[in-house]
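J.: Before I ask anything, let me first share the structure, which is written out below as structure tokens.
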Amino acid sequence: MVGVLPHLVQRSRRLLIAAAATSSLAGVFSVLLLTQINAALTASQGDARTESALRFAIFAVIAMATQMVASVMFERLSQSAHASLRGFISGRVLTADFRRLEEVGSPKVLSALSDHSAKVAEFFTSVPTILTNAIIVIGCLVYMAWLSWPVFLLGVLVIALGSLGYHLAHLKAIRHLDEASREQDRLFDHFRSLVEGAKELRLNHPKSQRFSADVLGASVEAVRRERAHGMSIFVASASWGNFLIYAFIGLVLFVLVGDAPDRAKVMTGFALVFVYMVAPLEMLLVNLPKANLARSSAQRIDDVIHGLPGADSRVPAEPPRAVTVALEGVQHRYYHEASDEVFTLGPIDLRFEPGQLTFLVGGNGSGKTTLAKLIVGLYQPEAGRIVVNGNPVDDEDRIAYRQCFSAIFSDFHLFDRLLAAPGTEVDTIGNRLLEKLHLRNKVQVRDGAFTTRALSQGQRKRLALVVSYLEDRPFLVFDEWAADQDPVFKDVFYRELLPELRAQGKTVLVISHDDRYFDLADQVIRMENGKVVNVG
Ligand SMILES: Nc1ncnc2c1ncn2[C@@H]1O[C@H](COP(=O)(O)OP(=O)(O)OP(=O)(O)O)[C@@H](O)[C@H]1O
């Protein structure tokens with residue numbers, strides 16, 4: 001698989017080449033400017049000054065214009081790389097296998113979408129600086145060769161020594177930068193705790209302080225330390241490069257030039273070239289680490305993408321009106337790395353019919369939610385198979401299979417927009433449902449969105465139910481939906497809403513601890529430790 005950085009480079013190859021060519025031109029004209037300055041400084045009386053001034057002016061304008069155009073082009077490349085990276089990663093997250101996504105975890109995904117993408121995009125803005133300055137340095141060397149061969153050879157030797165030092169430093173520095181970007185993924189997890197654990201942290205001051213110092217602070221510090229370490233090595237090697245340049249200047253001015261007849265003239269030329277070359281060299285050495293940071297971030301993005309292999313994104317057909325789902329020897333396992341233990345669910349054989357109300361019951365951790373995720377197709381069975389309306393579900397029709405379901409899990413998410421298909425009278429139907437769920441005085445559906453989501457947990461669950469009704473899927477799954485409802489509404493849910501759904505021919509699966517209502521079910525499945533122990 002091509003990494004994201006080579007992919008981005010390949011994708012915008014043409015613009016990149018154009019921008020690089022313009023950038024190189026800017027470098028070439030900067031060196032030509034230098035030749036004009038030198039010519040003016042060392043010219044004898046009576047030389048054609050006007051002509052020289054004109055050339056100088058033309059070169060200056062071209063250098064500025066090419067620099068400007070190149071910078072704008074690279075800035076655009078950088079922004080489009082950023083946007084395309086974000087689109088690409090989000091696309092992968094959207095289509096990824098759900099279990100793989102759970103394993104990768106949200107901190108890594110968020111870190112890839114924000115910080116790492118930005119660092120990779122910056123690569124495109126550091127390229128013109130690297131390129132222009134590299135050309136200036138090379139141009140200066142060529143000019144030097146024209147002035148004097150021995151000096152040029154010495155220059156090449158210095159550059160070779162500098163590059164060797166830089167390469168050795170690079171090997172060491174990149175380790176720190178890689179470690180920093182890995183730690184940064186963990187840092188995003190702590191950022192999430194900082195926001196999502198705001199209540200717990202406020203209620204316990206010592207805990208908050210320990211979190212701030214030992215967890216968040218330690219991680220921030222680790223990123224700072226590793227990045228500072230890595231970047232310091234780069235910057236220090238830049239100083240080594242600078243030192244070599246000064247050593248070079250010294251050698252040329254005091255040893256090589258010696259007592260040449262036109263010493264003053266030669267020395268002026270060289271001094272000017274050196275001074276002209278130092279700043280680009282510095283820029284070069286400062287910008288190369290940025291490109292390395294980008295590479296390290298691109299590696300992290302590649303890791304996330306690698307963990308989320310692309311899936312079939314064919315648009316599935318409309319789900320059938322009614323579904324019979326059968327599980328045949330279905331099995332799923334979770335591996336817990338920390339304790340080296342495996343939780344095994346199944347093998348399980350079950351059957352769900354249209355117009356059938358099933359209750360799934362069992363103790364905490366017995367595997368009810370995992371079974372529900374298997375039934376709705378979020379997890380693929382590791383053994384056994386699922387048969388829908390008589391047809392076994394294979395990899396190709398898994399997406400289509402999932403469209404048969406609408407589920408409210410306990411960690412459900414309410415989107416701010418209902419995102420209904422165009423043409424659906426979502427406002428009218430939604431408001432009717434809000435009325436039915438006793439929420440009309442609190443919230444409305446307007447222009448395809450709820451007017452507010454700032455409601456109690458039980459009320460938000462009712463909104464999730466509205467969404468579920470609107471989706472109008474043949475199989476509905478409610479994972480402890482009623483747990484947050486008041487006794488009156490619980491009664492409405494079990495005695496009115498569920499029988500209504502059953503009467504409509506829906507297949508309904510309710511995970512519940514409310515044993516008062518078990519007698520309403522057509523089927524009660526009891527689970528213990530990952531196994532179905534009873535179907536009544
Ligand atoms: N995302 C996960 N990654 C790894 N293991 C998990 C994951 N989710 C659940 N498990 C494991 O599977 C077991 C069953 O969990 P599950 O959520 O299916 O139980 P449950 O019956 O729904 O429990 P509860 O009544 O508490 O909701 C747990 O004990 C846990 O060890």
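Lettering and numbering for the structure tokens are positional, with chains as A, B, ... in the shown order, residues counted from 1 in each chain, and ligands counted from 1 in the shown order.
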Could you build a table of the residues in chain A lying no more than 12 Å from ligand 1, giving for each the nearest pair of atoms and their separation in Å rounded to one decimal place, using only C-alpha atoms and all ligand atoms, ordered by chain and ascending residue number, as JSON lines?

T.:
{"residue": "A:Phe98", "atom": "CA", "partner": "ligand 1", "partner_atom_place_in_ligand_line": "1 (N)", "distance": 10.1}
{"residue": "A:Arg99", "atom": "CA", "partner": "ligand 1", "partner_atom_place_in_ligand_line": "1 (N)", "distance": 7.8}
{"residue": "A:Arg100", "atom": "CA", "partner": "ligand 1", "partner_atom_place_in_ligand_line": "1 (N)", "distance": 10.1}
{"residue": "A:Leu101", "atom": "CA", "partner": "ligand 1", "partner_atom_place_in_ligand_line": "1 (N)", "distance": 10.0}
{"residue": "A:Glu102", "atom": "CA", "partner": "ligand 1", "partner_atom_place_in_ligand_line": "1 (N)", "distance": 6.3}
{"residue": "A:Glu103", "atom": "CA", "partner": "ligand 1", "partner_atom_place_in_ligand_line": "3 (N)", "distance": 7.4}
{"residue": "A:Val104", "atom": "CA", "partner": "ligand 1", "partner_atom_place_in_ligand_line": "1 (N)", "distance": 10.8}
{"residue": "A:Gly105", "atom": "CA", "partner": "ligand 1", "partner_atom_place_in_ligand_line": "1 (N)", "distance": 9.7}
{"residue": "A:His332", "atom": "CA", "partner": "ligand 1", "partner_atom_place_in_ligand_line": "12 (O)", "distance": 9.6}
{"residue": "A:Arg333", "atom": "CA", "partner": "ligand 1", "partner_atom_place_in_ligand_line": "12 (O)", "distance": 8.1}
{"residue": "A:Tyr334", "atom": "CA", "partner": "ligand 1", "partner_atom_place_in_ligand_line": "5 (N)", "distance": 4.9}
{"residue": "A:Tyr335", "atom": "CA", "partner": "ligand 1", "partner_atom_place_in_ligand_line": "4 (C)", "distance": 6.5}
{"residue": "A:His336", "atom": "CA", "partner": "ligand 1", "partner_atom_place_in_ligand_line": "4 (C)", "distance": 6.3}
{"residue": "A:Glu337", "atom": "CA", "partner": "ligand 1", "partner_atom_place_in_ligand_line": "4 (C)", "distance": 9.3}
{"residue": "A:Ala338", "atom": "CA", "partner": "ligand 1", "partner_atom_place_in_ligand_line": "4 (C)", "distance": 10.8}
{"residue": "A:Ser339", "atom": "CA", "partner": "ligand 1", "partner_atom_place_in_ligand_line": "31 (O)", "distance": 10.6}
{"residue": "A:Asp340", "atom": "CA", "partner": "ligand 1", "partner_atom_place_in_ligand_line": "31 (O)", "distance": 11.6}
{"residue": "A:Glu341", "atom": "CA", "partner": "ligand 1", "partner_atom_place_in_ligand_line": "31 (O)", "distance": 8.8}
{"residue": "A:Val342", "atom": "CA", "partner": "ligand 1", "partner_atom_place_in_ligand_line": "31 (O)", "distance": 7.9}
{"residue": "A:Phe343", "atom": "CA", "partner": "ligand 1", "partner_atom_place_in_ligand_line": "31 (O)", "distance": 5.7}
{"residue": "A:Thr344", "atom": "CA", "partner": "ligand 1", "partner_atom_place_in_ligand_line": "12 (O)", "distance": 7.8}
{"residue": "A:Leu345", "atom": "CA", "partner": "ligand 1", "partner_atom_place_in_ligand_line": "12 (O)", "distance": 7.9}
{"residue": "A:Gly346", "atom": "CA", "partner": "ligand 1", "partner_atom_place_in_ligand_line": "14 (C)", "distance": 11.4}
{"residue": "A:Leu360", "atom": "CA", "partner": "ligand 1", "partner_atom_place_in_ligand_line": "21 (O)", "distance": 9.2}
{"residue": "A:Val361", "atom": "CA", "partner": "ligand 1", "partner_atom_place_in_ligand_line": "21 (O)", "distance": 7.9}
{"residue": "A:Gly362", "atom": "CA", "partner": "ligand 1", "partner_atom_place_in_ligand_line": "21 (O)", "distance": 6.2}
{"residue": "A:Gly363", "atom": "CA", "partner": "ligand 1", "partner_atom_place_in_ligand_line": "25 (O)", "distance": 5.6}
{"residue": "A:Asn364", "atom": "CA", "partner": "ligand 1", "partner_atom_place_in_ligand_line": "25 (O)", "distance": 3.5}
{"residue": "A:Gly365", "atom": "CA", "partner": "ligand 1", "partner_atom_place_in_ligand_line": "19 (O)", "distance": 3.4}
{"residue": "A:Ser366", "atom": "CA", "partner": "ligand 1", "partner_atom_place_in_ligand_line": "21 (O)", "distance": 3.9}
{"residue": "A:Gly367", "atom": "CA", "partner": "ligand 1", "partner_atom_place_in_ligand_line": "18 (O)", "distance": 3.2}
{"residue": "A:Lys368", "atom": "CA", "partner": "ligand 1", "partner_atom_place_in_ligand_line": "21 (O)", "distance": 3.8}
{"residue": "A:Thr369", "atom": "CA", "partner": "ligand 1", "partner_atom_place_in_ligand_line": "22 (O)", "distance": 3.7}
{"residue": "A:Thr370", "atom": "CA", "partner": "ligand 1", "partner_atom_place_in_ligand_line": "18 (O)", "distance": 3.7}
{"residue": "A:Leu371", "atom": "CA", "partner": "ligand 1", "partner_atom_place_in_ligand_line": "18 (O)", "distance": 6.4}
{"residue": "A:Ala372", "atom": "CA", "partner": "ligand 1", "partner_atom_place_in_ligand_line": "18 (O)", "distance": 8.0}
{"residue": "A:Lys373", "atom": "CA", "partner": "ligand 1", "partner_atom_place_in_ligand_line": "18 (O)", "distance": 8.4}
{"residue": "A:Leu374", "atom": "CA", "partner": "ligand 1", "partner_atom_place_in_ligand_line": "18 (O)", "distance": 10.0}
{"residue": "A:Leu378", "atom": "CA", "partner": "ligand 1", "partner_atom_place_in_ligand_line": "1 (N)", "distance": 11.7}
{"residue": "A:Tyr379", "atom": "CA", "partner": "ligand 1", "partner_atom_place_in_ligand_line": "1 (N)", "distance": 10.7}
{"residue": "A:Phe409", "atom": "CA", "partner": "ligand 1", "partner_atom_place_in_ligand_line": "27 (O)", "distance": 9.5}
{"residue": "A:Ser410", "atom": "CA", "partner": "ligand 1", "partner_atom_place_in_ligand_line": "27 (O)", "distance": 8.0}
{"residue": "A:Asp411", "atom": "CA", "partner": "ligand 1", "partner_atom_place_in_ligand_line": "27 (O)", "distance": 10.3}
{"residue": "A:Phe478", "atom": "CA", "partner": "ligand 1", "partner_atom_place_in_ligand_line": "22 (O)", "distance": 11.5}
{"residue": "A:Asp479", "atom": "CA", "partner": "ligand 1", "partner_atom_place_in_ligand_line": "27 (O)", "distance": 8.0}
{"residue": "A:Glu480", "atom": "CA", "partner": "ligand 1", "partner_atom_place_in_ligand_line": "27 (O)", "distance": 7.9}
{"residue": "A:Trp481", "atom": "CA", "partner": "ligand 1", "partner_atom_place_in_ligand_line": "27 (O)", "distance": 11.2}
{"residue": "A:Ala483", "atom": "CA", "partner": "ligand 1", "partner_atom_place_in_ligand_line": "25 (O)", "distance": 11.1}
{"residue": "A:Val510", "atom": "CA", "partner": "ligand 1", "partner_atom_place_in_ligand_line": "22 (O)", "distance": 11.6}
{"residue": "A:Ile511", "atom": "CA", "partner": "ligand 1", "partner_atom_place_in_ligand_line": "22 (O)", "distance": 8.2}
{"residue": "A:Ser512", "atom": "CA", "partner": "ligand 1", "partner_atom_place_in_ligand_line": "25 (O)", "distance": 8.5}
{"residue": "A:His513", "atom": "CA", "partner": "ligand 1", "partner_atom_place_in_ligand_line": "25 (O)", "distance": 8.3}
{"residue": "A:Ile525", "atom": "CA", "partner": "ligand 1", "partner_atom_place_in_ligand_line": "21 (O)", "distance": 11.9}
{"residue": "A:Arg526", "atom": "CA", "partner": "ligand 1", "partner_atom_place_in_ligand_line": "21 (O)", "distance": 10.1}
{"residue": "A:Met527", "atom": "CA", "partner": "ligand 1", "partner_atom_place_in_ligand_line": "21 (O)", "distance": 7.7}
{"residue": "A:Glu528", "atom": "CA", "partner": "ligand 1", "partner_atom_place_in_ligand_line": "21 (O)", "distance": 8.1}
{"residue": "A:Asn529", "atom": "CA", "partner": "ligand 1", "partner_atom_place_in_ligand_line": "14 (C)", "distance": 7.7}
{"residue": "A:Gly530", "atom": "CA", "partner": "ligand 1", "partner_atom_place_in_ligand_line": "14 (C)", "distance": 6.9}
{"residue": "A:Lys531", "atom": "CA", "partner": "ligand 1", "partner_atom_place_in_ligand_line": "21 (O)", "distance": 10.5}
{"residue": "A:Val532", "atom": "CA", "partner": "ligand 1", "partner_atom_place_in_ligand_line": "21 (O)", "distance": 11.2}

J.: Output as JSON lines one row per residue of segment 200-287 of chain A within 12 Å of segment 172-176 of chain A: the closest atom pair and its distance in Å to one decimal place, counting only C-alpha atoms, sorted by chain and residue number ascending.

T.:
{"residue": "A:Ala222", "atom": "CA", "partner": "A:His176", "partner_atom": "CA", "distance": 10.3}
{"residue": "A:Val223", "atom": "CA", "partner": "A:His176", "partner_atom": "CA", "distance": 9.3}
{"residue": "A:Arg224", "atom": "CA", "partner": "A:His176", "partner_atom": "CA", "distance": 10.4}
{"residue": "A:Arg225", "atom": "CA", "partner": "A:His176", "partner_atom": "CA", "distance": 8.7}
{"residue": "A:Glu226", "atom": "CA", "partner": "A:His176", "partner_atom": "CA", "distance": 5.0}
{"residue": "A:Arg227", "atom": "CA", "partner": "A:His176", "partner_atom": "CA", "distance": 6.4}
{"residue": "A:Ala228", "atom": "CA", "partner": "A:His176", "partner_atom": "CA", "distance": 8.6}
{"residue": "A:His229", "atom": "CA", "partner": "A:His176", "partner_atom": "CA", "distance": 6.6}
{"residue": "A:Gly230", "atom": "CA", "partner": "A:Ala173", "partner_atom": "CA", "distance": 4.1}
{"residue": "A:Met231", "atom": "CA", "partner": "A:Ala173", "partner_atom": "CA", "distance": 6.8}
{"residue": "A:Ser232", "atom": "CA", "partner": "A:Ala173", "partner_atom": "CA", "distance": 8.2}
{"residue": "A:Ile233", "atom": "CA", "partner": "A:Ala173", "partner_atom": "CA", "distance": 5.9}
{"residue": "A:Phe234", "atom": "CA", "partner": "A:Ala173", "partner_atom": "CA", "distance": 6.8}
{"residue": "A:Val235", "atom": "CA", "partner": "A:Ala173", "partner_atom": "CA", "distance": 10.2}
{"residue": "A:Ala236", "atom": "CA", "partner": "A:Ala173", "partner_atom": "CA", "distance": 10.7}
{"residue": "A:Ser237", "atom": "CA", "partner": "A:Ala173", "partner_atom": "CA", "distance": 10.3}

J.: Please report as CSV every residue of segment 286-381 of chain A lying within 6 Å of segment 111-122 of chain A, along with the nearest atom pair and their distance in Å (one decimal), using only C-alpha atoms.

T.:
residue,atom,partner,partner_atom,distance
A:Ala294,CA,A:Val120,CA,4.4
A:Ser297,CA,A:His116,CA,4.8
A:Ile301,CA,A:Ala112,CA,5.4

J.: Keeping only C-alpha atoms, write the selected residues as a PDB file, in the first residue's frame.

T.:
ATOM      1  CA  ALA A 294       5.972  15.521   8.404  1.00  0.00           C
ATOM      2  CA  SER A 297       3.371  12.148  11.177  1.00  0.00           C
ATOM      3  CA  ILE A 301      -1.400   8.254   9.666  1.00  0.00           C
TER       4      ILE A 301
END

J.: Mind the document's chain letters and residue numbers, and return as a list in words the residues of segment 300-380 of chain A that DSSP labels alpha helix (DSSP H).

T.: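 After running DSSP on the backbone, segment 300-380 of chain A has alpha helix (DSSP H) at Arg300, Ile301, Asp302, Asp303, Val304, Ile305, His306, Gly307, Lys368, Thr369, Thr370, Leu371, Ala372, Lys373, Leu374 and Ile375 of chain A.
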
J.: Those same residues, written as a CSV table (one decimal), in the first residue's frame with C-alpha atoms?

T.:
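And here's out_22.csv as it stands now:
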chain,number,residue,atom,x,y,z
A,300,ARG,CA,1.4,7.6,12.2
A,301,ILE,CA,-1.4,8.3,9.7
A,302,ASP,CA,-0.3,5.2,7.6
A,303,ASP,CA,-0.5,3.1,10.8
A,304,VAL,CA,-4.1,4.2,11.4
A,305,ILE,CA,-5.0,3.6,7.8
A,306,HIS,CA,-3.3,0.3,7.9
A,307,GLY,CA,-5.4,-0.7,10.9
A,368,LYS,CA,-25.7,-9.2,25.6
A,369,THR,CA,-24.4,-6.1,23.8
A,370,THR,CA,-21.7,-8.2,22.0
A,371,LEU,CA,-24.5,-10.5,20.8
A,372,ALA,CA,-26.5,-7.5,19.7
A,373,LYS,CA,-23.5,-6.1,17.7
A,374,LEU,CA,-23.1,-9.5,16.0
A,375,ILE,CA,-26.8,-9.7,15.2

J.: Do you know which residues are at most 12 Å from Ala57 of chain A counting only C-alpha atoms, after dropping those on the same chain fewer than 2 positions away, and could you put them as a list in words?

T.: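 The contact residues come out as Phe29, Ser30, Leu32, Leu33, Gln36, Ile37, Thr50, Glu51, Ser52, Ala53, Leu54, Arg55, Phe59, Ala60, Val61, Ile62, Ala63 and Met64 of chain A.
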
J.: As an exercise, work out the distance from atom CA of Gly91 of chain A to atom CA of Arg295 of chain A in Å and give it to one decimal place.

T.: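 Atom CA of Arg295 of chain A lies at a distance of 21.6 Å from atom CA of Gly91 of chain A.
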
J.: So that I can see what lies close to Gly197 of chain A, please list as an MDAnalysis selection string the residues with an atom at most 12 Å from it, counting only C-alpha atoms and leaving out residues fewer than 6 positions away in the same chain.

T.: chainID A and resid 189:191 203:204 207:208 211

J.: Give me the residues within 9 Å of Phe412 of chain A as a PDB file with C-alpha atoms, in the first residue's frame, counting only C-alpha atoms and dropping any in the same chain fewer than 5 places off.

T.:
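Result file around.pdb:
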ATOM      1  CA  ALA A 407     -30.342   0.080  17.000  1.00  0.00           C
ATOM      2  CA  LYS A 461     -32.956   8.533  24.620  1.00  0.00           C
ATOM      3  CA  ALA A 464     -32.926   8.517  19.726  1.00  0.00           C
TER       4      ALA A 464
END

J.: Record the distance separating atom CA of Ala521 of chain A and atom CA of Val535 of chain A, expressed in Å with one decimal.

T.: 11.4 Å

J.: Using Å and a single decimal, report how far atom CA of Phe405 of chain A sits from atom CA of Arg473 of chain A.

T.: 5.5 Å
